[in-house]
>>> print(open('final-v2.cif').read())   # mmCIF, C-alpha atoms
data_start
#
loop_
_atom_site.group_PDB
_atom_site.id
_atom_site.type_symbol
_atom_site.label_atom_id
_atom_site.label_comp_id
_atom_site.auth_asym_id
_atom_site.auth_seq_id
_atom_site.Cartn_x
_atom_site.Cartn_y
_atom_site.Cartn_z
ATOM 1 C CA MET A 1 -0.353 -2.542 29.219
ATOM 2 C CA THR A 2 -1.373 -4.005 25.872
ATOM 3 C CA LEU A 3 -2.983 -2.520 22.791
ATOM 4 C CA THR A 4 -6.378 -3.813 23.969
ATOM 5 C CA ASP A 5 -6.177 -1.527 27.023
ATOM 6 C CA LEU A 6 -6.234 1.660 24.925
ATOM 7 C CA ALA A 7 -9.413 3.583 24.159
ATOM 8 C CA VAL A 8 -10.349 5.047 20.787
ATOM 9 C CA GLY A 9 -8.117 8.013 19.990
ATOM 10 C CA GLN A 10 -5.298 7.053 22.339
ATOM 11 C CA THR A 11 -1.749 6.770 21.040
ATOM 12 C CA ALA A 12 1.008 4.560 22.420
ATOM 13 C CA VAL A 13 4.461 3.298 21.502
ATOM 14 C CA ILE A 14 5.049 -0.411 20.957
ATOM 15 C CA GLU A 15 7.493 -1.818 23.520
ATOM 16 C CA ASP A 16 7.384 -5.536 22.699
ATOM 17 C CA ILE A 17 5.428 -8.264 20.957
ATOM 18 C CA VAL A 18 4.858 -11.410 22.986
ATOM 19 C CA GLY A 19 3.518 -14.811 22.021
ATOM 20 C CA GLU A 20 4.676 -17.681 19.877
ATOM 21 C CA ARG A 21 7.261 -17.089 17.171
ATOM 22 C CA ILE A 22 4.785 -17.362 14.278
ATOM 23 C CA GLN A 23 2.457 -14.804 15.881
ATOM 24 C CA ARG A 24 5.338 -12.417 16.561
ATOM 25 C CA MET A 25 6.645 -12.717 13.000
ATOM 26 C CA LYS A 26 3.215 -11.989 11.504
ATOM 27 C CA LEU A 27 2.842 -8.801 13.524
ATOM 28 C CA LEU A 28 6.414 -7.696 12.853
ATOM 29 C CA ASP A 29 5.904 -8.311 9.122
ATOM 30 C CA VAL A 30 2.974 -5.880 8.981
ATOM 31 C CA GLY A 31 5.045 -3.113 10.545
ATOM 32 C CA LEU A 32 4.215 -3.460 14.225
ATOM 33 C CA VAL A 33 7.788 -3.205 15.456
ATOM 34 C CA PRO A 34 9.106 -1.848 18.773
ATOM 35 C CA GLN A 35 9.383 1.952 19.034
ATOM 36 C CA THR A 36 6.551 2.471 16.502
ATOM 37 C CA LYS A 37 3.620 4.737 17.405
ATOM 38 C CA VAL A 38 0.132 3.273 17.088
ATOM 39 C CA THR A 39 -3.226 4.999 17.472
ATOM 40 C CA VAL A 40 -6.493 3.187 18.156
ATOM 41 C CA ARG A 41 -8.904 4.482 15.498
ATOM 42 C CA LYS A 42 -11.983 2.294 15.978
ATOM 43 C CA ILE A 43 -13.184 -0.628 18.049
ATOM 44 C CA ALA A 44 -16.049 -2.776 16.786
ATOM 45 C CA PRO A 45 -19.240 -2.795 18.903
ATOM 46 C CA MET A 46 -18.466 -6.228 20.357
ATOM 47 C CA GLY A 47 -14.804 -5.275 20.936
ATOM 48 C CA ASP A 48 -13.376 -7.302 18.058
ATOM 49 C CA PRO A 49 -11.707 -6.313 15.710
ATOM 50 C CA ILE A 50 -9.667 -3.220 16.553
ATOM 51 C CA GLU A 51 -8.598 -0.723 13.881
ATOM 52 C CA VAL A 52 -5.250 0.998 14.459
ATOM 53 C CA GLY A 53 -3.274 3.615 12.620
ATOM 54 C CA VAL A 54 0.381 2.734 12.271
ATOM 55 C CA ARG A 55 2.879 4.686 10.206
ATOM 56 C CA SER A 56 0.916 5.880 7.144
ATOM 57 C CA TYR A 57 -1.716 3.132 6.983
ATOM 58 C CA VAL A 58 -4.636 1.588 8.841
ATOM 59 C CA LEU A 59 -4.487 -1.962 10.132
ATOM 60 C CA THR A 60 -7.278 -4.123 11.553
ATOM 61 C CA LEU A 61 -6.341 -6.639 14.246
ATOM 62 C CA ARG A 62 -8.254 -9.284 16.104
ATOM 63 C CA LYS A 63 -8.477 -8.665 19.832
ATOM 64 C CA ALA A 64 -6.317 -11.747 20.500
ATOM 65 C CA GLU A 65 -3.576 -10.325 18.247
ATOM 66 C CA ALA A 66 -3.792 -6.875 19.862
ATOM 67 C CA ALA A 67 -3.370 -8.501 23.290
ATOM 68 C CA LEU A 68 0.106 -9.673 22.215
ATOM 69 C CA ILE A 69 1.317 -6.108 21.625
ATOM 70 C CA VAL A 70 2.822 -4.526 24.741
ATOM 71 C CA VAL A 71 2.648 -0.728 24.585
ATOM 72 C CA LYS A 72 3.567 2.308 26.644
ATOM 73 C CA GLN A 73 1.181 5.232 26.489
ATOM 74 C CA GLU A 74 2.740 8.452 25.211
ATOM 75 C CA GLU A 75 3.606 11.164 27.706
ATOM 76 C CA GLY A 76 0.770 13.667 28.007
ATOM 77 C CA ALA A 77 -1.646 11.469 26.038
#
>>> encode(input="final-v2.cif", output="structure tokens")
Amino acid sequence: MTLTDLAVGQTAVIEDIVGERIQRMKLLDVGLVPQTKVTVRKIAPMGDPIEVGVRSYVLTLRKAEAALIVVKQEEGA
């Protein structure tokens, strides 16, 4: 499952970031590292971009970037 599969309000834990090295490094640099919780806060009307809460800040990602983030939905969420 990737970050794009989550609905607004759902929380998941990042398992991996796939894609080319430059894409992975960009996402890792902004704090999207494995074992980090992310919550989908908003999705634009056309589905792009996606706003997520990660750690103590809000991050906006393009749908193509969110598709590179492999997540596991939290237990009971």
>>> residues_near_point(input="final-v2.cif", point="(-4.9, -3.3, 27.1)", cutoff="12 Å", atoms="all atoms listed in the file", output="NGL selection string")
:A and (1-8 or 10 or 12 or 40 or 47 or 50 or 63-73)
>>> closest_residue(input="final-v2.cif", among="A:Ile17, A:Ile22, A:Val30, A:Ala44", to="A:Leu59", atoms="only C-alpha atoms")
A:Val30
>>> residues_around(input="final-v2.cif", residues="A:Thr11", least_positions_apart="4", cutoff="7 Å", atoms="all atoms listed in the file", output="PyMOL selection string")
chain A and resi 37-40+73-74+77
>>> closest_residue(input="final-v2.cif", among="A:Arg24, A:Arg62, A:Asp16, A:Val33", to="A:Met46", atoms="only C-alpha atoms")
A:Arg62
>>> atom_distance(input="final-v2.cif", atom1="atom CA of A:Val13", atom2="atom CA of A:Leu32")
9.9 Å
>>> atom_distance(input="final-v2.cif", atom1="atom CA of A:Pro34", atom2="atom CA of A:Val52")
15.3 Å
>>> atom_distance(input="final-v2.cif", atom1="atom CA of A:Tyr57", atom2="atom CA of A:Lys26")
16.5 Å
>>> residues_around(input="final-v2.cif", residues="A:Gly31", least_positions_apart="5", cutoff="9 Å", atoms="all atoms listed in the file", output="list in words")
Thr36, Val54 and Arg55 of chain A
>>> axis_aligned_box(input="final-v2.cif", around="stretch 56-64 of chain A", padding_each_side="8 Å", output="lines of an AutoDock Vina configuration file")
center_x = -3.8
center_y = -2.9
center_z = 13.7
size_x = 25.4
size_y = 33.6
size_z = 29.5
>>> closest_residue(input="final-v2.cif", among="A:Glu20, A:Gly9, A:Gln35, A:Asp29", to="A:Glu51", atoms="only C-alpha atoms")
A:Gly9
